[in-house]
Every structure is written in structure tokens, then in C-alpha cells.
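Novice: To be precise about what I am sending: the file is called input.cif and holds mmCIF, C-alpha atoms.
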```cif
data_run
#
loop_
_atom_site.label_atom_id
_atom_site.label_comp_id
_atom_site.auth_asym_id
_atom_site.auth_seq_id
_atom_site.Cartn_x
_atom_site.Cartn_y
_atom_site.Cartn_z
CA MET A 1 12.74 11.34 -15.08
CA SER A 2 11.58 14.57 -13.47
CA LYS A 3 11.95 15.01 -9.73
CA VAL A 4 9.49 13.09 -7.57
CA PHE A 5 7.77 15.18 -4.92
CA ILE A 6 6.15 13.40 -1.95
CA ARG A 7 3.37 14.98 0.08
CA ASP A 8 0.45 14.04 2.27
CA ALA A 9 -2.66 13.16 0.29
CA THR A 10 -5.81 15.22 0.62
CA PRO A 11 -9.39 14.32 -0.27
CA ASP A 12 -8.95 16.64 -3.27
CA ASP A 13 -6.53 14.03 -4.68
CA ALA A 14 -9.22 11.36 -4.70
CA ALA A 15 -9.96 11.47 -8.45
CA GLU A 16 -6.31 10.96 -9.44
CA ILE A 17 -5.83 8.27 -6.78
CA ALA A 18 -9.03 6.50 -7.86
CA ALA A 19 -7.84 6.54 -11.48
CA ILE A 20 -4.57 4.83 -10.53
CA TYR A 21 -6.39 2.30 -8.37
CA GLU A 22 -8.97 1.60 -11.08
CA HIS A 23 -6.22 0.19 -13.30
CA TYR A 24 -5.28 -2.38 -10.64
CA VAL A 25 -8.90 -3.26 -9.87
CA ARG A 26 -9.66 -3.90 -13.54
CA HIS A 27 -6.39 -5.45 -14.70
CA GLY A 28 -4.50 -6.99 -11.78
CA SER A 29 -4.63 -9.12 -8.68
CA ALA A 30 -2.90 -6.62 -6.37
CA THR A 31 -6.32 -5.77 -4.96
CA PHE A 32 -9.24 -8.09 -4.50
CA GLU A 33 -11.75 -5.31 -5.10
CA GLU A 34 -13.69 -6.03 -8.26
CA THR A 35 -15.48 -2.72 -8.72
CA PRO A 36 -13.37 0.45 -8.73
CA PRO A 37 -14.47 2.93 -6.06
CA GLU A 38 -15.71 6.33 -7.18
CA PRO A 39 -13.58 9.37 -6.26
CA ALA A 40 -16.04 10.31 -3.46
CA LYS A 41 -15.54 6.89 -1.85
CA MET A 42 -11.77 7.24 -2.22
CA ALA A 43 -11.95 10.66 -0.54
CA GLN A 44 -13.82 9.04 2.37
CA ARG A 45 -11.08 6.39 2.67
CA ILE A 46 -8.35 9.03 2.73
CA ARG A 47 -10.16 11.11 5.37
CA ALA A 48 -10.97 8.09 7.55
CA LEU A 49 -7.37 6.91 7.77
CA GLN A 50 -5.94 10.38 8.27
CA LEU A 51 -8.44 11.11 11.05
CA GLU A 52 -7.01 8.09 12.85
CA LYS A 53 -3.47 9.49 12.28
CA TYR A 54 -2.44 6.91 9.69
CA PRO A 55 -0.26 8.16 6.82
CA TRP A 56 -1.47 8.50 3.25
CA GLN A 57 1.03 10.02 0.84
CA VAL A 58 1.15 10.72 -2.87
CA ALA A 59 4.09 10.96 -5.26
CA CYS A 60 3.88 13.73 -7.84
CA ILE A 61 5.86 14.41 -10.98
CA ASP A 62 5.31 17.76 -12.66
CA GLY A 63 2.22 18.30 -10.52
CA ALA A 64 0.48 15.04 -11.44
CA ILE A 65 0.02 12.18 -9.01
CA CYS A 66 1.96 9.13 -10.22
CA GLY A 67 1.58 6.91 -7.16
CA TYR A 68 0.38 6.68 -3.61
CA ALA A 69 0.96 4.68 -0.45
CA TYR A 70 -0.74 4.47 2.90
CA ALA A 71 -0.91 2.45 6.07
CA GLY A 72 -3.94 1.51 8.11
CA PRO A 73 -4.97 -0.98 10.74
CA HIS A 74 -4.02 -4.57 10.03
CA LYS A 75 -7.05 -5.93 11.88
CA ALA A 76 -9.81 -4.26 13.88
CA ARG A 77 -9.31 -6.04 17.20
CA SER A 78 -7.38 -4.11 19.85
CA ALA A 79 -4.66 -6.75 20.16
CA TYR A 80 -3.46 -5.62 16.71
CA ARG A 81 -3.23 -1.93 17.69
CA PHE A 82 0.56 -1.79 17.21
CA THR A 83 0.48 -3.42 13.77
CA VAL A 84 -0.25 -1.64 10.50
CA GLU A 85 -0.82 -2.89 6.97
CA ASN A 86 0.56 -0.97 4.01
CA SER A 87 -0.60 -0.46 0.45
CA VAL A 88 1.31 1.08 -2.45
CA TYR A 89 0.13 1.67 -6.02
CA ILE A 90 2.07 3.26 -8.87
CA ALA A 91 0.46 4.60 -12.03
CA PRO A 92 1.04 2.59 -15.20
CA GLY A 93 3.98 4.08 -17.04
CA HIS A 94 5.70 5.04 -13.79
CA THR A 95 6.49 1.61 -12.36
CA GLN A 96 10.04 0.35 -11.82
CA ARG A 97 11.42 3.88 -11.36
CA GLY A 98 11.88 3.80 -7.58
CA ILE A 99 8.69 5.72 -6.81
CA GLY A 100 7.24 2.89 -4.73
CA ARG A 101 10.44 2.69 -2.70
CA ILE A 102 10.40 6.44 -2.00
CA LEU A 103 6.75 6.31 -0.94
CA MET A 104 7.19 3.23 1.23
CA LYS A 105 10.25 4.65 3.02
CA GLY A 106 8.09 7.59 4.08
CA ILE A 107 5.23 5.38 5.21
CA ILE A 108 7.62 3.15 7.18
CA ALA A 109 9.26 6.18 8.85
CA HIS A 110 5.89 7.71 9.76
CA CYS A 111 4.61 4.46 11.27
CA THR A 112 7.84 3.90 13.18
CA ASP A 113 7.71 7.45 14.59
CA ALA A 114 4.06 6.91 15.55
CA GLY A 115 5.05 3.93 17.71
CA PHE A 116 3.77 1.08 15.60
CA GLN A 117 5.75 -2.13 16.09
CA GLN A 118 5.01 -4.23 13.00
CA MET A 119 4.06 -3.59 9.38
CA MET A 120 2.31 -6.18 7.26
CA ALA A 121 2.23 -6.39 3.48
CA VAL A 122 -0.71 -8.41 2.19
CA ILE A 123 0.12 -8.82 -1.48
CA GLY A 124 -2.49 -10.04 -3.92
CA GLY A 125 -1.11 -12.59 -6.34
CA SER A 126 2.06 -14.60 -5.85
CA GLU A 127 2.96 -13.51 -9.41
CA ASN A 128 3.12 -9.88 -8.20
CA ALA A 129 6.93 -9.96 -8.35
CA GLY A 130 7.39 -6.18 -8.36
CA SER A 131 5.60 -5.71 -5.06
CA ILE A 132 7.30 -8.72 -3.50
CA ARG A 133 10.74 -7.43 -4.57
CA LEU A 134 9.96 -3.93 -3.31
CA HIS A 135 8.93 -5.15 0.11
CA ALA A 136 11.90 -7.52 0.39
CA ALA A 137 14.27 -4.66 -0.49
CA LEU A 138 12.73 -2.64 2.34
CA GLY A 139 13.35 -5.34 4.93
CA PHE A 140 10.08 -7.25 4.80
CA GLU A 141 10.32 -11.01 5.28
CA HIS A 142 8.09 -13.50 3.50
CA ILE A 143 6.09 -15.19 6.24
CA GLY A 144 3.70 -17.25 4.16
CA THR A 145 1.48 -17.63 1.15
CA ALA A 146 -2.20 -18.43 1.36
CA ARG A 147 -2.97 -20.38 -1.80
CA GLY A 148 -6.04 -19.52 -3.83
CA ILE A 149 -7.92 -17.68 -1.09
CA GLY A 150 -9.10 -14.93 -3.43
CA TRP A 151 -11.03 -15.26 -6.66
CA LYS A 152 -10.57 -12.76 -9.45
CA PHE A 153 -10.87 -12.87 -13.24
CA GLY A 154 -12.34 -16.36 -13.04
CA ARG A 155 -9.39 -17.92 -11.24
CA PRO A 156 -8.10 -18.46 -7.71
CA VAL A 157 -5.50 -15.94 -6.50
CA ASP A 158 -2.87 -16.36 -3.79
CA VAL A 159 -2.05 -13.86 -1.05
CA VAL A 160 1.58 -13.36 -0.08
CA TYR A 161 2.18 -12.21 3.48
CA MET A 162 5.31 -10.22 4.32
CA GLN A 163 6.22 -8.59 7.64
CA ARG A 164 8.67 -5.96 8.86
CA ALA A 165 9.49 -4.98 12.42
CA LEU A 166 9.31 -1.25 13.11
CA GLY A 167 11.43 0.38 15.78
CA LEU A 168 11.96 -2.59 18.03
CA VAL A 169 14.46 -5.33 18.54
CA ARG A 170 12.80 -8.52 17.42
CA ALA A 171 12.97 -11.50 19.74
CA ASP A 172 13.44 -14.68 17.72
#
```
So that I can check it, write out the structure of this file as C-alpha cells.

Specialist:
Amino acid sequence: MSKVFIRDATPDDAAEIAAIYEHYVRHGSATFEETPPEPAKMAQRIRALQLEKYPWQVACIDGAICGYAYAGPHKARSAYRFTVENSVYIAPGHTQRGIGRILMKGIIAHCTDAGFQQMMAVIGGSENAGSIRLHAALGFEHIGTARGIGWKFGRPVDVVYMQRALGLVRAD
């Protein structure tokens, strides 16, 4: 595999990011969106998170984007202000090569440095073993599964919740 280069995303990356995401919208349960967003909408999402100082990074191989990850607010209410939620998507044909791990390490480091205290992974589909394994390998703990709370492709879909402390000593 060629060298993976990680950089901050820009709105100019929206078409490539939207193309990766479209695959998961149309063929998987990782996202509960049912209509893929157009590149202009994806550019708005990138800008909105970056304006609020949340990280959005892309992985590139030979100049082409092969994956992306970002963090954003977990919930809108102010009590959640120290908690972020992450997302990571890898282009078909590039999965299981360590790209997600590289991206997520950067997102975790950025969020830790920014003073966030907790990171949540909200994983669509309990069968999404790759994402569950990735998050577990990065120190996320499974904290619960909500059974059948989403509906996609004519069937109920679970949500797996995983959590990782960032930059603090956790009181148990």
C-alpha cells in the first residue's frame, strides 16, 4: 500500500467525501441517513464543524481521498459541551488497512488537546464488526446497545454505544 497522508479536510474535498459516504448510505447501516447528501451539503457540514473548532480530517493515498473522520457535538445541550461524538468512513477497497485507526488517532488527539473529556461512538448496526473492533482497539468501551431503534432497508437496526475518556482520570 502507498503511504497514507492525513490532512485537515476542506470544503473542496466535499465531492470525494460525499462519494465515500454515499456508499454507506446506500449499502450499509453505519449511517441512518437514507438519502446521500449532495457535495454542497457535505461542504456545509465540513465548514460548520470546523467553524466550531471540531476536527475533520481526510486520509489520502496518491492524492485521492480514501477515508475521513471527524468529531462534533454529541448532543446540543450545554451539559454535553465536554463530550464529542466521532464518525469515521473508509472508501470501499481501502478498508482493513489501518486507515481508520490512523484517522481516529488524530481525531482523538485533537479532541484531547482541545479539552474535551469524553468521546462517544454511536455505531449503526450491531453487525458492524469492523467499526466495533476499531473503536475497542482505540480504548473505547461498549456501554450498551439500543435494539432496533433505527429502520433501514426494511428492517430494524441496532445502535451500539461505545465511550472513551479523553485526558482525564476516570472515577469509577

Novice: What is the atom CA of A:Lys105 to atom CA of A:Ala79 distance in Å?

Specialist: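 Those two atoms sit 25.4 Å apart.
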
Novice: Output the residue selection produced by the PyMOL selection byres ((chain A and resi 34) around 12) on the file above, formatted as a PyMOL selection string.

Specialist: chain A and resi 21-33+35-37+150-154

Novice: Quick one: of A:Ala15, A:Val58, A:Ala71, A:Arg155, who's nearest to A:Ala109, counting all atoms listed in the file?

Specialist: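 Counting all atoms listed in the file, the residue closest to A:Ala109 is A:Ala71.
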
Novice: I'd like the interatomic distance between atom CA of A:Pro73 and atom CA of A:Val4, to a tenth of an Å.

Specialist: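 Atom-to-atom, atom CA of A:Pro73 to atom CA of A:Val4, that is 27.2 Å.
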
Novice: Do you have the atom CA of A:Ser87-atom CA of A:Val122 distance handy?

Specialist: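 It comes out at 8.1 Å.
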
Novice: Return the single residue from A:Gln118, A:Asn128, A:Gln57, A:Gln96 that is closest to A:Arg81, with distances computed using all atoms listed in the file.

Specialist: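 Comparing A:Gln118, A:Asn128, A:Gln57, A:Gln96 against A:Arg81, the winner is A:Gln118.
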
Novice: Please expand the PyMOL selection byres ((chain A and resi 83) around 7) into the concrete residues it hits in this file, giving the result as a PDB file with C-alpha atoms, in the coordinates of the input.

Specialist:
```pdb
ATOM      1  CA  PRO A  73      -4.970  -0.980  10.740  1.00  0.00           C
ATOM      2  CA  HIS A  74      -4.020  -4.570  10.030  1.00  0.00           C
ATOM      3  CA  TYR A  80      -3.460  -5.620  16.710  1.00  0.00           C
ATOM      4  CA  ARG A  81      -3.230  -1.930  17.690  1.00  0.00           C
ATOM      5  CA  PHE A  82       0.560  -1.790  17.210  1.00  0.00           C
ATOM      6  CA  VAL A  84      -0.250  -1.640  10.500  1.00  0.00           C
ATOM      7  CA  GLU A  85      -0.820  -2.890   6.970  1.00  0.00           C
ATOM      8  CA  PHE A 116       3.770   1.080  15.600  1.00  0.00           C
ATOM      9  CA  GLN A 117       5.750  -2.130  16.090  1.00  0.00           C
ATOM     10  CA  GLN A 118       5.010  -4.230  13.000  1.00  0.00           C
ATOM     11  CA  MET A 119       4.060  -3.590   9.380  1.00  0.00           C
TER      12      MET A 119
END
```

Novice: Compile a residue-level contact table for stretch 81-141 of chain A against stretch 159-169 of chain A at a cut-off of 8 Å, reporting for every qualifying residue the shortest atom pair and its distance in Å to one decimal, with all atoms listed in the file counted, rows ordered by chain and ascending number, as a Markdown table.

Specialist:
```
| residue | atom | partner | partner_atom | distance |
| --- | --- | --- | --- | --- |
| A:Ile108 | CA | A:Leu166 | CA | 7.6 |
| A:Cys111 | CA | A:Leu166 | CA | 7.6 |
| A:Thr112 | CA | A:Leu166 | CA | 5.4 |
| A:Gly115 | CA | A:Gly167 | CA | 7.6 |
| A:Phe116 | CA | A:Leu166 | CA | 6.5 |
| A:Gln117 | CA | A:Leu166 | CA | 4.7 |
| A:Gln118 | CA | A:Ala165 | CA | 4.6 |
| A:Met119 | CA | A:Arg164 | CA | 5.2 |
| A:Met120 | CA | A:Gln163 | CA | 4.6 |
| A:Ala121 | CA | A:Met162 | CA | 5.0 |
| A:Val122 | CA | A:Tyr161 | CA | 4.9 |
| A:Ile123 | CA | A:Val160 | CA | 5.0 |
| A:Gly124 | CA | A:Val159 | CA | 4.8 |
| A:Gly125 | CA | A:Val159 | CA | 5.5 |
| A:Ser126 | CA | A:Val160 | CA | 5.9 |
| A:His135 | CA | A:Met162 | CA | 7.5 |
| A:Gly139 | CA | A:Arg164 | CA | 6.1 |
| A:Phe140 | CA | A:Arg164 | CA | 4.5 |
| A:Glu141 | CA | A:Met162 | CA | 5.2 |
```

Novice: Between A:His110, A:Ser78, A:Gln44, A:Asp13, which one has atoms that come closest to A:Ala64, using only C-alpha atoms?

Specialist: A:Asp13
